[in-house]
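Raw contents of data-v4.cif, mmCIF, C-alpha atoms:
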```
data_structure
#
loop_
_atom_site.label_atom_id
_atom_site.label_comp_id
_atom_site.auth_asym_id
_atom_site.auth_seq_id
_atom_site.Cartn_x
_atom_site.Cartn_y
_atom_site.Cartn_z
CA MET A 1256 -99.68 -37.76 59.36
CA ILE A 1257 -102.65 -40.13 58.91
CA SER A 1258 -106.28 -39.06 59.05
CA VAL A 1259 -109.09 -41.64 58.98
CA LYS A 1260 -112.55 -40.27 58.24
CA ASN A 1261 -115.89 -42.11 58.30
CA LEU A 1262 -114.25 -45.48 57.61
CA SER A 1263 -116.60 -48.44 57.16
CA LYS A 1264 -116.04 -52.11 56.39
CA HIS A 1265 -118.45 -55.04 56.03
CA PHE A 1266 -117.94 -58.78 55.78
CA GLY A 1267 -121.19 -59.86 54.16
CA ASP A 1268 -124.01 -58.49 56.30
CA LEU A 1269 -121.72 -57.94 59.28
CA ALA A 1270 -120.64 -54.32 59.81
CA VAL A 1271 -117.13 -54.64 61.26
CA LEU A 1272 -116.22 -50.94 61.14
CA LYS A 1273 -118.87 -48.23 61.39
CA ASP A 1274 -117.96 -44.63 60.66
CA VAL A 1275 -114.52 -44.77 62.32
CA ASN A 1276 -112.64 -41.47 62.70
CA VAL A 1277 -109.11 -41.12 64.06
CA GLU A 1278 -106.06 -38.90 63.63
CA ILE A 1279 -102.53 -40.31 63.97
CA LYS A 1280 -99.79 -37.74 64.53
CA LYS A 1281 -96.06 -38.17 64.07
CA GLY A 1282 -94.40 -39.65 67.15
CA GLU A 1283 -97.62 -40.96 68.70
CA VAL A 1284 -97.88 -44.45 70.12
CA ILE A 1285 -101.52 -45.45 69.91
CA ALA A 1286 -102.74 -48.57 71.69
CA VAL A 1287 -105.97 -50.09 70.36
CA ILE A 1288 -107.76 -52.22 72.93
CA GLY A 1289 -111.14 -53.88 73.23
CA PRO A 1290 -112.91 -57.25 73.18
CA SER A 1291 -112.21 -59.75 70.41
CA GLY A 1292 -114.22 -59.29 67.22
CA THR A 1293 -114.76 -55.54 67.55
CA GLY A 1294 -112.82 -54.41 64.47
CA LYS A 1295 -109.37 -53.66 65.92
CA SER A 1296 -107.33 -55.80 63.51
CA THR A 1297 -109.62 -54.90 60.62
CA LEU A 1298 -108.89 -51.21 61.24
CA LEU A 1299 -105.15 -51.86 60.94
CA ARG A 1300 -105.59 -53.99 57.83
CA CYS A 1301 -107.70 -51.26 56.22
CA LEU A 1302 -105.00 -48.65 56.86
CA ASN A 1303 -102.64 -50.40 54.43
CA LEU A 1304 -105.38 -51.89 52.23
CA LEU A 1305 -104.92 -55.51 53.19
CA GLU A 1306 -108.67 -55.12 53.56
CA GLU A 1307 -110.47 -52.67 51.30
CA PRO A 1308 -112.97 -50.39 53.07
CA GLU A 1309 -116.41 -49.79 51.58
CA GLY A 1310 -116.56 -46.17 52.64
CA GLY A 1311 -114.64 -43.28 54.12
CA GLU A 1312 -111.20 -41.81 53.60
CA ILE A 1313 -107.64 -42.65 54.65
CA ILE A 1314 -105.47 -39.56 54.20
CA ILE A 1315 -101.70 -40.08 54.43
CA ASP A 1316 -99.61 -36.92 54.19
CA ASP A 1317 -102.53 -35.14 52.43
CA VAL A 1318 -103.02 -37.96 49.87
CA ASN A 1319 -106.20 -40.09 49.91
CA LEU A 1320 -105.13 -43.74 49.94
CA LEU A 1321 -108.56 -44.79 48.60
CA ASP A 1322 -108.45 -42.51 45.55
CA LYS A 1323 -108.18 -44.65 42.41
CA LYS A 1324 -105.46 -42.33 41.06
CA THR A 1325 -103.24 -42.78 44.13
CA ASN A 1326 -99.98 -44.70 43.89
CA VAL A 1327 -100.91 -47.20 46.59
CA PHE A 1328 -97.57 -48.99 46.50
CA LYS A 1329 -95.67 -45.76 47.24
CA LEU A 1330 -97.97 -44.85 50.14
CA ARG A 1331 -97.83 -48.38 51.53
CA GLN A 1332 -94.07 -48.00 51.86
CA LYS A 1333 -94.70 -45.41 54.56
CA MET A 1334 -96.37 -48.08 56.71
CA GLY A 1335 -94.83 -51.26 58.07
CA MET A 1336 -96.90 -54.02 59.63
CA VAL A 1337 -96.02 -56.69 62.17
CA PHE A 1338 -98.46 -59.60 62.24
CA GLN A 1339 -99.42 -62.14 64.90
CA SER A 1340 -97.93 -65.04 62.96
CA PHE A 1341 -94.44 -63.71 62.04
CA ASN A 1342 -94.73 -64.59 58.30
CA LEU A 1343 -91.01 -65.28 57.88
CA PHE A 1344 -89.77 -67.28 54.88
CA SER A 1345 -88.63 -70.59 56.35
CA HIS A 1346 -86.24 -71.38 53.47
CA LEU A 1347 -84.28 -68.13 53.99
CA MET A 1348 -81.83 -67.30 56.74
CA VAL A 1349 -82.77 -64.56 59.20
CA ILE A 1350 -80.54 -61.96 57.51
CA GLU A 1351 -81.94 -62.93 54.10
CA ASN A 1352 -85.50 -62.42 55.38
CA ILE A 1353 -84.52 -58.90 56.42
CA MET A 1354 -82.62 -58.07 53.22
CA LEU A 1355 -85.34 -59.28 50.86
CA GLY A 1356 -87.59 -56.20 50.97
CA PRO A 1357 -84.88 -53.53 50.76
CA VAL A 1358 -83.14 -55.29 47.85
CA ASP A 1359 -86.23 -56.21 45.81
CA LEU A 1360 -88.49 -53.24 46.56
CA LEU A 1361 -86.23 -50.37 47.61
CA LYS A 1362 -83.54 -51.41 45.09
CA MET A 1363 -80.85 -51.19 47.77
CA ASN A 1364 -77.54 -52.88 46.92
CA ARG A 1365 -76.99 -56.14 48.77
CA GLN A 1366 -74.04 -54.95 50.87
CA ASP A 1367 -75.95 -51.91 52.18
CA ALA A 1368 -79.00 -54.11 52.85
CA PHE A 1369 -76.79 -56.58 54.71
CA ASP A 1370 -75.14 -53.85 56.81
CA GLU A 1371 -78.49 -52.30 57.67
CA GLY A 1372 -79.96 -55.71 58.44
CA MET A 1373 -77.17 -56.53 60.87
CA LYS A 1374 -77.66 -53.20 62.64
CA LEU A 1375 -81.35 -53.95 63.04
CA LEU A 1376 -80.67 -57.46 64.30
CA ALA A 1377 -78.29 -56.00 66.87
CA MET A 1378 -80.99 -53.53 67.87
CA VAL A 1379 -83.47 -56.36 68.56
CA GLY A 1380 -80.77 -58.45 70.28
CA LEU A 1381 -80.43 -61.14 67.61
CA ALA A 1382 -77.20 -60.38 65.73
CA GLU A 1383 -75.88 -63.85 66.59
CA LYS A 1384 -78.91 -65.43 64.86
CA ALA A 1385 -78.26 -63.75 61.49
CA TYR A 1386 -77.40 -67.04 59.77
CA ALA A 1387 -80.02 -69.16 61.52
CA TYR A 1388 -83.25 -70.27 59.87
CA PRO A 1389 -86.66 -69.31 61.29
CA ASP A 1390 -87.40 -72.89 62.40
CA GLU A 1391 -84.36 -72.71 64.69
CA LEU A 1392 -85.79 -69.72 66.58
CA SER A 1393 -88.26 -69.42 69.45
CA GLY A 1394 -91.54 -67.61 68.92
CA GLY A 1395 -90.26 -64.48 70.63
CA GLN A 1396 -87.13 -64.47 68.48
CA LYS A 1397 -89.19 -64.90 65.31
CA GLN A 1398 -91.32 -61.91 66.22
CA ARG A 1399 -88.23 -59.80 66.92
CA VAL A 1400 -86.89 -60.75 63.49
CA ALA A 1401 -90.27 -59.78 62.00
CA ILE A 1402 -89.96 -56.36 63.66
CA ALA A 1403 -86.42 -55.92 62.30
CA ARG A 1404 -87.65 -56.92 58.82
CA THR A 1405 -90.40 -54.30 59.00
CA LEU A 1406 -87.96 -51.60 60.11
CA ALA A 1407 -85.62 -52.47 57.23
CA MET A 1408 -88.20 -50.94 54.87
CA LYS A 1409 -87.77 -47.60 56.70
CA PRO A 1410 -91.47 -47.02 57.43
CA GLU A 1411 -92.78 -43.78 58.91
CA ILE A 1412 -95.32 -45.68 61.00
CA VAL A 1413 -95.44 -49.29 62.19
CA LEU A 1414 -98.72 -51.12 62.71
CA PHE A 1415 -98.62 -54.00 65.21
CA ASP A 1416 -101.48 -56.51 65.05
CA GLU A 1417 -101.46 -58.29 68.42
CA PRO A 1418 -97.71 -58.98 68.18
CA THR A 1419 -97.63 -61.16 71.31
CA SER A 1420 -100.85 -63.16 70.94
CA ALA A 1421 -99.11 -66.20 69.41
CA LEU A 1422 -96.36 -66.27 72.05
CA ASP A 1423 -95.89 -68.19 75.27
CA PRO A 1424 -95.99 -65.92 78.36
CA THR A 1425 -92.24 -66.34 78.86
CA MET A 1426 -91.54 -64.87 75.41
CA ILE A 1427 -93.89 -61.89 75.54
CA SER A 1428 -91.59 -59.62 77.56
CA GLU A 1429 -88.73 -59.82 75.04
CA VAL A 1430 -90.97 -58.61 72.21
CA LEU A 1431 -92.55 -55.88 74.32
CA ALA A 1432 -89.08 -54.68 75.30
CA VAL A 1433 -88.24 -54.09 71.63
CA ILE A 1434 -91.47 -52.16 71.09
CA ARG A 1435 -90.74 -50.08 74.21
CA LYS A 1436 -87.36 -49.16 72.71
CA LEU A 1437 -89.00 -48.10 69.45
CA ALA A 1438 -91.42 -45.92 71.40
CA ALA A 1439 -88.55 -44.34 73.31
CA ASP A 1440 -86.82 -43.63 69.98
CA GLY A 1441 -89.88 -41.74 68.71
CA MET A 1442 -91.25 -44.25 66.20
CA THR A 1443 -94.89 -43.63 65.30
CA MET A 1444 -96.84 -46.79 66.11
CA MET A 1445 -100.37 -48.14 66.29
CA ILE A 1446 -100.59 -51.31 68.37
CA VAL A 1447 -103.54 -53.66 68.72
CA THR A 1448 -102.89 -55.45 71.99
CA HIS A 1449 -104.42 -57.34 74.90
CA GLU A 1450 -101.45 -56.49 77.12
CA MET A 1451 -103.14 -53.85 79.25
CA LYS A 1452 -100.17 -52.93 81.43
CA PHE A 1453 -97.98 -52.52 78.35
CA ALA A 1454 -100.61 -50.34 76.65
CA LYS A 1455 -100.90 -48.20 79.77
CA ASP A 1456 -97.14 -47.76 80.18
CA VAL A 1457 -96.03 -47.24 76.56
CA SER A 1458 -98.84 -45.53 74.64
CA THR A 1459 -99.45 -41.81 74.36
CA ARG A 1460 -103.09 -42.39 73.43
CA VAL A 1461 -105.50 -45.30 73.87
CA LEU A 1462 -108.45 -46.21 71.65
CA TYR A 1463 -111.08 -48.52 73.12
CA MET A 1464 -113.01 -50.21 70.32
CA ASP A 1465 -116.38 -51.90 70.67
CA GLU A 1466 -119.30 -52.53 68.32
CA GLY A 1467 -117.17 -51.51 65.32
CA ILE A 1468 -116.56 -47.97 66.53
CA ILE A 1469 -114.02 -46.11 68.63
CA PHE A 1470 -116.09 -46.22 71.79
CA GLU A 1471 -113.73 -44.12 73.90
CA GLU A 1472 -110.31 -42.55 73.49
CA GLY A 1473 -107.92 -40.55 75.61
CA THR A 1474 -104.61 -40.64 77.38
CA PRO A 1475 -103.67 -43.87 79.18
CA ASP A 1476 -104.55 -42.22 82.50
CA GLN A 1477 -107.99 -41.16 81.24
CA VAL A 1478 -108.93 -44.50 79.69
CA PHE A 1479 -107.41 -46.86 82.28
CA ASN A 1480 -107.96 -44.88 85.49
CA HIS A 1481 -110.98 -42.71 84.68
CA PRO A 1482 -113.02 -44.37 81.89
CA GLN A 1483 -116.19 -42.48 81.03
CA LYS A 1484 -118.17 -45.28 79.38
CA ASP A 1485 -119.55 -48.29 81.23
CA LYS A 1486 -118.34 -50.73 78.56
CA THR A 1487 -114.82 -49.34 78.78
CA ARG A 1488 -114.87 -49.65 82.55
CA ALA A 1489 -116.15 -53.22 82.34
CA PHE A 1490 -113.40 -54.21 79.90
CA ILE A 1491 -110.55 -52.48 81.74
CA HIS A 1492 -111.47 -53.86 85.15
CA HIS A 1493 -112.55 -57.32 83.93
CA VAL A 1494 -116.10 -56.66 85.12
CA LYS A 1495 -118.78 -59.34 84.87
CA ILE A 1496 -122.16 -57.70 84.37
CA PHE A 1497 -125.74 -58.68 85.20
CA THR A 1498 -128.55 -56.64 83.60
CA TYR A 1499 -132.23 -56.53 84.54
CA LYS A 1500 -135.02 -54.39 83.03
CA ILE A 1501 -138.09 -53.23 84.95
CA ARG A 1502 -141.10 -51.86 83.06
CA SER A 1503 -143.92 -52.22 85.59
CA ARG A 1504 -144.63 -51.23 89.20
CA SER A 1505 -145.81 -54.79 89.73
CA PHE A 1506 -142.54 -56.33 88.55
CA ASP A 1507 -141.45 -59.68 90.01
CA LEU A 1508 -139.11 -58.75 92.87
CA TYR A 1509 -138.52 -62.39 93.77
CA ASN A 1510 -137.36 -63.12 90.23
CA LEU A 1511 -134.89 -60.21 90.48
CA HIS A 1512 -133.57 -61.59 93.77
CA ALA A 1513 -133.23 -65.08 92.27
CA GLU A 1514 -131.33 -63.86 89.23
CA ILE A 1515 -128.97 -61.78 91.39
CA GLU A 1516 -128.32 -64.85 93.53
CA THR A 1517 -127.53 -66.92 90.41
CA PHE A 1518 -125.19 -64.21 89.11
CA GLY A 1519 -123.51 -63.84 92.52
CA ARG A 1520 -122.87 -67.57 92.87
CA LYS A 1521 -121.30 -67.70 89.39
CA GLN A 1522 -118.88 -64.97 90.52
CA PHE A 1523 -118.25 -66.75 93.86
CA LEU A 1524 -119.66 -63.85 95.89
CA SER A 1525 -120.34 -64.48 99.56
CA GLU A 1526 -123.88 -64.84 100.92
CA LYS A 1527 -123.48 -61.45 102.60
CA GLN A 1528 -122.42 -59.75 99.36
CA ILE A 1529 -125.38 -61.23 97.48
CA PHE A 1530 -127.78 -60.21 100.27
CA ASN A 1531 -126.40 -56.65 100.30
CA ILE A 1532 -126.95 -56.28 96.54
CA GLN A 1533 -130.50 -57.56 96.89
CA LEU A 1534 -131.21 -55.28 99.85
CA VAL A 1535 -129.86 -52.13 98.18
CA LEU A 1536 -131.87 -52.75 95.02
CA GLU A 1537 -135.06 -53.54 96.92
CA GLU A 1538 -134.81 -50.37 99.01
CA LEU A 1539 -134.02 -48.15 96.03
CA ILE A 1540 -136.41 -49.63 93.47
CA VAL A 1541 -139.41 -50.63 95.57
CA ASN A 1542 -139.34 -47.86 98.16
CA LYS A 1543 -138.03 -44.98 96.03
CA LEU A 1544 -137.83 -45.17 92.26
CA ILE A 1545 -141.10 -46.83 91.26
CA LYS A 1546 -143.03 -44.76 93.82
CA ARG A 1547 -142.38 -41.49 91.97
CA PRO A 1548 -145.80 -39.99 91.18
CA GLY A 1549 -146.63 -39.29 87.56
CA GLU A 1550 -143.60 -41.14 86.18
CA SER A 1551 -143.76 -44.24 84.00
CA VAL A 1552 -141.67 -47.19 85.11
CA ASP A 1553 -138.66 -47.61 82.84
CA LEU A 1554 -135.62 -48.85 84.78
CA THR A 1555 -132.51 -50.76 83.76
CA VAL A 1556 -130.39 -52.22 86.53
CA THR A 1557 -126.80 -53.40 86.06
CA VAL A 1558 -124.70 -55.12 88.68
CA GLY A 1559 -121.00 -55.37 87.93
CA TYR A 1560 -118.37 -57.43 89.72
CA SER A 1561 -114.71 -56.62 89.06
CA GLU A 1562 -112.48 -59.70 88.95
CA GLN A 1563 -109.52 -57.34 89.23
CA ASP A 1564 -110.24 -55.70 92.60
CA GLY A 1565 -113.41 -57.42 93.85
CA ALA A 1566 -115.48 -54.20 93.72
CA ILE A 1567 -119.25 -54.44 93.25
CA GLU A 1568 -120.92 -51.64 91.32
CA ILE A 1569 -124.64 -51.09 90.89
CA VAL A 1570 -125.92 -48.72 88.21
CA ILE A 1571 -129.59 -47.88 87.80
CA TYR A 1572 -130.87 -45.98 84.75
CA TYR A 1573 -134.39 -44.59 84.97
CA ARG A 1574 -136.37 -42.27 82.72
CA GLY A 1575 -138.18 -39.16 83.90
CA GLU A 1576 -137.58 -35.85 85.59
CA PRO A 1577 -134.38 -35.42 87.63
CA PHE A 1578 -134.63 -37.41 90.85
CA ASN A 1579 -131.69 -38.20 93.13
CA PRO A 1580 -132.95 -40.33 96.05
CA PHE A 1581 -129.94 -39.31 98.16
CA GLU A 1582 -130.78 -35.62 97.83
CA GLY A 1583 -132.71 -34.34 100.82
CA ALA A 1584 -132.85 -37.76 102.51
CA GLY A 1585 -133.31 -37.14 106.25
CA ASP A 1586 -132.56 -39.19 109.34
CA ASP A 1587 -136.07 -40.65 109.22
CA ASP A 1588 -135.62 -41.94 105.65
CA LEU A 1589 -134.99 -45.60 106.53
CA PRO A 1590 -134.49 -46.92 102.95
CA MET A 1591 -131.79 -44.34 102.21
CA MET A 1592 -130.16 -44.88 105.61
CA ILE A 1593 -129.82 -48.58 104.77
CA VAL A 1594 -128.48 -47.88 101.29
CA GLY A 1595 -126.11 -45.20 102.60
CA LYS A 1596 -124.57 -47.61 105.12
CA LEU A 1597 -124.00 -50.32 102.51
CA ALA A 1598 -122.68 -48.08 99.73
CA VAL A 1599 -119.01 -47.10 99.90
CA SER A 1600 -119.63 -44.34 97.37
CA HIS A 1601 -122.36 -43.07 95.07
CA ASP A 1602 -122.86 -40.50 92.33
CA TYR A 1603 -125.83 -39.26 90.35
CA SER A 1604 -126.29 -37.61 86.95
CA TRP A 1605 -129.18 -36.64 84.64
CA GLU A 1606 -129.03 -36.07 80.91
CA GLU A 1607 -131.78 -35.77 78.30
CA GLY A 1608 -134.49 -37.38 80.40
CA GLN A 1609 -132.27 -40.16 81.73
CA ASN A 1610 -131.34 -40.47 85.41
CA LYS A 1611 -128.23 -42.45 86.29
CA LEU A 1612 -127.45 -43.56 89.83
CA ARG A 1613 -124.17 -45.36 90.46
CA LEU A 1614 -123.23 -47.05 93.75
CA THR A 1615 -120.14 -48.97 94.82
CA LEU A 1616 -120.59 -51.55 97.58
#
```
Would you give me this structure, written as structure tokens?
Amino acid sequence: MISVKNLSKHFGDLAVLKDVNVEIKKGEVIAVIGPSGTGKSTLLRCLNLLEEPEGGEIIIDDVNLLDKKTNVFKLRQKMGMVFQSFNLFSHLMVIENIMLGPVDLLKMNRQDAFDEGMKLLAMVGLAEKAYAYPDELSGGQKQRVAIARTLAMKPEIVLFDEPTSALDPTMISEVLAVIRKLAADGMTMMIVTHEMKFAKDVSTRVLYMDEGIIFEEGTPDQVFNHPQKDKTRAFIHHVKIFTYKIRSRSFDLYNLHAEIETFGRKQFLSEKQIFNIQLVLEELIVNKLIKRPGESVDLTVTVGYSEQDGAIEIVIYYRGEPFNPFEGAGDDDLPMMIVGKLAVSHDYSWEEGQNKLRLTL
């Protein structure tokens, strides 16, 4: 249905989208998640040319939207967009807001536009507000009207740009309920959202965006329950991260301990939790990793604390030949006995000269 290839967009010197590639198939509900300022809304705005990309292709039903010969207006009609800020005309009644596009752009007669508008208002639960003005509605009601107005143009796909971000918490559920119904009815949708539970429950595919690229994508189960990338995991589980680089065997261990203590106190960790992190890192780094003969010292340590479930995760990246300190550790290996007792789980991998040891405390 829609194929995006090598899409790029800059604002001045800032690269907002970098070589973005994505396929959108009919009937899919794609949730786009990620930190603020990572290109999510810009991607949506580029899809219908509210922002013009500098490079790449947007193919809609085998027609390149960015080709100068393309009838952009005709292709745009295939896509509806629901914004954060409703964008209703305050001087028009609700039903008039919905009729405006079909009458002026689709050349529908007013009676048919009215009948269709009333059906859509009933679908979003607002038939009784047909003759009200936008200023008489709550934020949630305004957004439901905006959805009905978008559907009145009979789009093949609807793009939602953070449709609940301007709403009070009490109004969010009513808007999400309408979007859930659209998903159940088979409407193709792409939704930029910070509502993680909603994205997990409703979407068929999830895109995690960071640094202007699609950092990770997969089914909701894959992305939310089994994320492959550390940044995805940190975002999903609300993880606060501390990073420390070690480039010398004579590194300052006391400075590492002090910085871990500062990080731990900011996250309200207990003295025991902070001490356990310090002890595990000291045993692994000092007594194992930097003692490897013939290997240069190039380690990056990350400590992550999940605000969601309270889990503490330590990841150590180190260059060199494959070396798993847990492998072959005997009963007389005191450092690994200490680490093994403090770690709830651990896993190890090696790829292209990079060791990765992950532990959960």
* To do: Find the residues near Asp1370 of chain A: any atom within 12 Å, counting all atoms listed in the file, skip ones fewer than 2 places away on the same chain, and give them as a ChimeraX atom specification.
  => /A:1350-1351,1353-1354,1357,1363-1368,1372-1377,1382,1385,1407
Give me, as a tab-separated table, each residue of segment 1383-1486 of chain A that comes within 10 Å of segment 1329-1338 of chain A, together with its shortest interatomic pair and the distance in Å at one decimal, counting only C-alpha atoms, with rows ordered by chain and rising residue number.
```
residue	atom	partner	partner_atom	distance
A:Gln1398	CA	A:Val1337	CA	8.1
A:Arg1399	CA	A:Val1337	CA	9.6
A:Ala1401	CA	A:Val1337	CA	6.5
A:Ile1402	CA	A:Val1337	CA	6.2
A:Ala1403	CA	A:Val1337	CA	9.6
A:Arg1404	CA	A:Val1337	CA	9.0
A:Thr1405	CA	A:Gly1335	CA	5.5
A:Leu1406	CA	A:Gly1335	CA	7.2
A:Ala1407	CA	A:Gly1335	CA	9.3
A:Met1408	CA	A:Gln1332	CA	7.2
A:Lys1409	CA	A:Lys1333	CA	7.6
A:Pro1410	CA	A:Lys1333	CA	4.6
A:Glu1411	CA	A:Lys1333	CA	5.0
A:Ile1412	CA	A:Met1334	CA	5.0
A:Val1413	CA	A:Gly1335	CA	4.6
A:Leu1414	CA	A:Met1336	CA	4.6
A:Phe1415	CA	A:Val1337	CA	4.8
A:Asp1416	CA	A:Phe1338	CA	5.2
A:Glu1417	CA	A:Phe1338	CA	7.0
A:Pro1418	CA	A:Phe1338	CA	6.0
A:Thr1419	CA	A:Phe1338	CA	9.2
A:Ser1420	CA	A:Phe1338	CA	9.7
A:Ala1421	CA	A:Phe1338	CA	9.8
A:Thr1443	CA	A:Met1334	CA	9.8
A:Met1444	CA	A:Gly1335	CA	9.4
A:Met1445	CA	A:Met1336	CA	9.5
A:Ile1446	CA	A:Val1337	CA	9.4
```
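Using all atoms listed in the file, the smallest distance between any of A:Asn1579, A:Thr1615, A:Ser1258, A:Asn1510 and Tyr1603 of chain A comes from A:Asn1579.
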* To do: List the residues matched by the PyMOL selection byres ((chain A and resi 1562-1567) around 12) in the displayed structure as a ChimeraX atom specification, ordered by chain and then by residue number.
  => /A:1488-1497,1519,1521-1525,1528-1529,1531-1532,1535,1557-1561,1568-1570,1597-1601,1613-1616
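The environment of Val1287 of chain A within 7 Å, counting all atoms listed in the file and disregarding residues fewer than 5 places along the same chain, consists of Lys1295, Ile1446, Val1447, Thr1448, Val1461, Leu1462 and Tyr1463 of chain A.
Comparing A:Lys1260, A:Glu1283, A:Met1591, A:Leu1304 by their smallest distance to Val1457 of chain A, the closest is A:Glu1283 (using only C-alpha atoms).
By chain and then residue number, the residues within 10 Å of Asn1610 of chain A are A:Leu1554, A:Ile1571, A:Tyr1572, A:Tyr1573, A:Arg1574, A:Gly1575, A:Glu1576, A:Pro1577, A:Phe1578, A:Asn1579, A:Tyr1603, A:Ser1604, counting only C-alpha atoms and disregarding those fewer than 6 positions away in sequence.
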